[in-house]
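Read through the structure below, which is laid out as structure tokens, and then see the notes.
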Amino acid sequence: MHRTVMPGFCLLLVCLVCACTPYTKTLEQSVERADETAAMSALRTAAVAQRTYSVSNEGTFGSFEQLVKGGFLDSRYNSDKPKFKGYVLTMTVTNNSDGGSYALNADPEPPQQGRHFFMDSTSGLIHSNGERPAGAADPTLDQ
């Protein structure tokens with residue numbers, strides 16, 4: 001028995017595929033934006049913890065481990081490089097006799113795509129770069 005595919009059915013199938021493509025792209029972008037929001041929230045939370053830690057530690061700043069141990073951050077941050085919604089956080093802390101500073105990065109965990117974020121103790125603003133890890137020279141987000 002030989003079946004033939006009706007031309008109308010083929011047209012319907014092509015239309016369905018074309019209609020789903022923009023929806024899928026929009027859905028992927030929505031997930032990406034939600035992950036970026038979680039990463040930025042994690043940066044802000046870590047920055048508040050650093051300011052609070054600094055007040056009770058003579059102007060110095062702490063590592064993620066120290067901030068968790070001191071009760072300034074919850075256990076999700078208890079790692080050298082904690083992960084949030086597909087983003088990896090890294091922190092650099094510099095302490096000296098004049099006090100200290102910190103810098104935080106949130107970068108997409110490969111193979112995830114997305115913007116890279118940076119925040120430091122100098123400005124407290126979040127900087128963003130779409131291509132590579134962000135730094136203080138990158139544009140700030142509208143806050």
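Ordered as shown in the structure tokens, chains take letters A, B, and onward, while each chain numbers its residues from 1 and ligands are numbered from 1 in the order shown.
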Name all residues at most 12 Å from Leu67 of chain A (count only C-alpha atoms; drop same-chain ones fewer than 4 positions away) and give them as a tab-separated table (two decimals) with N, CA, C and O atoms, in the first residue's frame.
```tsv
chain	number	residue	atom	x	y	z
A	45	THR	N	23.78	40.74	46.83
A	45	THR	CA	23.75	40.11	48.16
A	45	THR	C	25.16	40.01	48.73
A	45	THR	O	25.39	40.30	49.91
A	46	ALA	N	26.12	39.58	47.90
A	46	ALA	CA	27.51	39.47	48.35
A	46	ALA	C	28.08	40.84	48.72
A	46	ALA	O	28.83	40.97	49.69
A	47	ALA	N	27.71	41.88	47.98
A	47	ALA	CA	28.20	43.23	48.26
A	47	ALA	C	27.67	43.73	49.61
A	47	ALA	O	28.42	44.33	50.39
A	48	VAL	N	26.40	43.48	49.91
A	48	VAL	CA	25.84	43.87	51.21
A	48	VAL	C	26.56	43.11	52.32
A	48	VAL	O	26.90	43.68	53.36
A	49	ALA	N	26.79	41.83	52.11
A	49	ALA	CA	27.51	41.02	53.11
A	49	ALA	C	28.92	41.57	53.34
A	49	ALA	O	29.38	41.65	54.48
A	50	GLN	N	29.59	41.98	52.27
A	50	GLN	CA	30.94	42.54	52.41
A	50	GLN	C	30.93	43.84	53.21
A	50	GLN	O	31.78	44.04	54.08
A	51	ARG	N	29.97	44.71	52.94
A	51	ARG	CA	29.88	45.97	53.69
A	51	ARG	C	29.63	45.70	55.16
A	51	ARG	O	30.25	46.33	56.03
A	52	THR	N	28.75	44.77	55.45
A	52	THR	CA	28.44	44.43	56.84
A	52	THR	C	29.65	43.80	57.52
A	52	THR	O	29.99	44.14	58.66
A	53	TYR	N	30.30	42.88	56.85
A	53	TYR	CA	31.51	42.23	57.36
A	53	TYR	C	32.59	43.28	57.65
A	53	TYR	O	33.25	43.25	58.69
A	54	SER	N	32.75	44.22	56.75
A	54	SER	CA	33.78	45.25	56.87
A	54	SER	C	33.61	46.10	58.13
A	54	SER	O	34.58	46.47	58.79
A	56	SER	N	32.39	45.25	60.99
A	56	SER	CA	32.79	44.53	62.20
A	56	SER	C	34.19	43.92	62.13
A	56	SER	O	34.62	43.24	63.05
A	57	ASN	N	34.92	44.19	61.04
A	57	ASN	CA	36.27	43.63	60.88
A	57	ASN	C	37.29	44.70	60.45
A	57	ASN	O	38.13	44.47	59.58
A	60	THR	N	38.24	45.55	56.74
A	60	THR	CA	38.71	44.50	55.83
A	60	THR	C	37.51	43.75	55.27
A	60	THR	O	36.40	43.83	55.79
A	61	PHE	N	37.77	43.00	54.21
A	61	PHE	CA	36.71	42.23	53.56
A	61	PHE	C	37.03	40.74	53.66
A	61	PHE	O	38.17	40.36	53.90
A	62	GLY	N	36.01	39.91	53.46
A	62	GLY	CA	36.18	38.47	53.63
A	62	GLY	C	35.96	37.68	52.36
A	62	GLY	O	35.36	38.15	51.39
A	63	SER	N	36.45	36.44	52.39
A	63	SER	CA	36.21	35.49	51.30
A	63	SER	C	34.78	34.98	51.42
A	63	SER	O	34.10	35.22	52.42
A	71	GLY	N	28.09	34.22	59.13
A	71	GLY	CA	26.64	34.38	59.07
A	71	GLY	C	26.20	35.53	58.18
A	71	GLY	O	25.03	35.93	58.22
A	72	PHE	N	27.10	36.08	57.37
A	72	PHE	CA	26.76	37.19	56.49
A	72	PHE	C	26.14	36.72	55.17
A	72	PHE	O	25.45	37.48	54.50
A	73	LEU	N	26.44	35.48	54.78
A	73	LEU	CA	25.87	34.85	53.58
A	73	LEU	C	25.37	33.47	53.93
A	73	LEU	O	25.89	32.83	54.86
A	74	ASP	N	24.40	32.96	53.17
A	74	ASP	CA	23.90	31.61	53.42
A	74	ASP	C	24.81	30.57	52.76
A	74	ASP	O	25.74	30.91	52.03
A	75	SER	N	24.52	29.33	53.02
A	75	SER	CA	25.40	28.22	52.61
A	75	SER	C	25.54	28.07	51.09
A	75	SER	O	26.48	27.43	50.63
A	76	ARG	N	24.66	28.66	50.31
A	76	ARG	CA	24.80	28.58	48.84
A	76	ARG	C	26.11	29.22	48.37
A	76	ARG	O	26.62	28.90	47.31
A	77	TYR	N	26.64	30.12	49.16
A	77	TYR	CA	27.87	30.83	48.80
A	77	TYR	C	29.13	30.14	49.34
A	77	TYR	O	30.23	30.62	49.13
A	78	ASN	N	28.98	29.02	50.03
A	78	ASN	CA	30.11	28.38	50.70
A	78	ASN	C	30.96	27.58	49.72
A	78	ASN	O	30.99	26.36	49.73
A	79	SER	N	31.68	28.30	48.87
A	79	SER	CA	32.54	27.71	47.85
A	79	SER	C	33.50	28.79	47.37
A	79	SER	O	33.21	29.98	47.52
A	80	ASP	N	34.62	28.40	46.81
A	80	ASP	CA	35.52	29.40	46.22
A	80	ASP	C	34.84	30.08	45.03
A	80	ASP	O	35.09	31.25	44.76
A	91	MET	N	35.46	36.00	43.41
A	91	MET	CA	35.71	37.20	44.20
A	91	MET	C	37.20	37.32	44.46
A	91	MET	O	37.87	36.34	44.77
A	93	VAL	N	39.72	39.50	46.93
A	93	VAL	CA	39.75	40.35	48.12
A	93	VAL	C	41.18	40.79	48.36
A	93	VAL	O	42.11	39.98	48.31
```
Polymer residues at most 6 Å from segment 106-109 of chain A, only C-alpha atoms, same-chain spacing of 2 or more positions, as a count of residues only
7
Name the residues of segment 69-131 of chain A that fall into strand (DSSP E) according to DSSP on the backbone, using the chain letters and numbers of this document, as a ChimeraX atom specification.
/A:83-84,87-96,99-108,116-120,127-129
Output for the residues just chosen: C-alpha atoms as a PDB file, in the first residue's frame:
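For reference, part_29.pdb as written:
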```pdb
ATOM      1  CA  LYS A  83      27.140  28.882  41.233  1.00  0.00           C
ATOM      2  CA  PHE A  84      23.769  30.529  40.734  1.00  0.00           C
ATOM      3  CA  TYR A  87      26.498  31.653  36.570  1.00  0.00           C
ATOM      4  CA  VAL A  88      29.780  31.249  38.429  1.00  0.00           C
ATOM      5  CA  LEU A  89      30.741  33.891  40.986  1.00  0.00           C
ATOM      6  CA  THR A  90      34.369  34.742  41.670  1.00  0.00           C
ATOM      7  CA  MET A  91      35.714  37.196  44.200  1.00  0.00           C
ATOM      8  CA  THR A  92      39.055  38.869  44.691  1.00  0.00           C
ATOM      9  CA  VAL A  93      39.751  40.349  48.123  1.00  0.00           C
ATOM     10  CA  THR A  94      42.657  42.630  48.954  1.00  0.00           C
ATOM     11  CA  ASN A  95      43.264  43.604  52.581  1.00  0.00           C
ATOM     12  CA  ASN A  96      46.068  45.804  53.862  1.00  0.00           C
ATOM     13  CA  GLY A  99      41.560  48.605  54.911  1.00  0.00           C
ATOM     14  CA  GLY A 100      40.693  46.613  51.851  1.00  0.00           C
ATOM     15  CA  SER A 101      38.769  46.159  48.657  1.00  0.00           C
ATOM     16  CA  TYR A 102      36.917  43.446  46.819  1.00  0.00           C
ATOM     17  CA  ALA A 103      35.853  42.703  43.260  1.00  0.00           C
ATOM     18  CA  LEU A 104      33.082  40.298  42.244  1.00  0.00           C
ATOM     19  CA  ASN A 105      32.427  38.692  38.865  1.00  0.00           C
ATOM     20  CA  ALA A 106      29.472  36.650  37.668  1.00  0.00           C
ATOM     21  CA  ASP A 107      30.177  34.798  34.427  1.00  0.00           C
ATOM     22  CA  PRO A 108      28.016  32.332  32.484  1.00  0.00           C
ATOM     23  CA  HIS A 116      29.140  38.884  32.147  1.00  0.00           C
ATOM     24  CA  PHE A 117      28.831  41.055  35.275  1.00  0.00           C
ATOM     25  CA  PHE A 118      31.264  42.845  37.602  1.00  0.00           C
ATOM     26  CA  MET A 119      30.878  44.760  40.870  1.00  0.00           C
ATOM     27  CA  ASP A 120      33.499  46.132  43.245  1.00  0.00           C
ATOM     28  CA  HIS A 127      29.123  46.605  35.063  1.00  0.00           C
ATOM     29  CA  SER A 128      28.258  44.380  32.104  1.00  0.00           C
ATOM     30  CA  ASN A 129      30.016  42.931  29.060  1.00  0.00           C
TER      31      ASN A 129
END
```
Using only C-alpha atoms for the distances, tell me which of A:Val55, A:Ala39, A:Pro82, A:Arg33 is nearest to Val68 of chain A.
A:Pro82
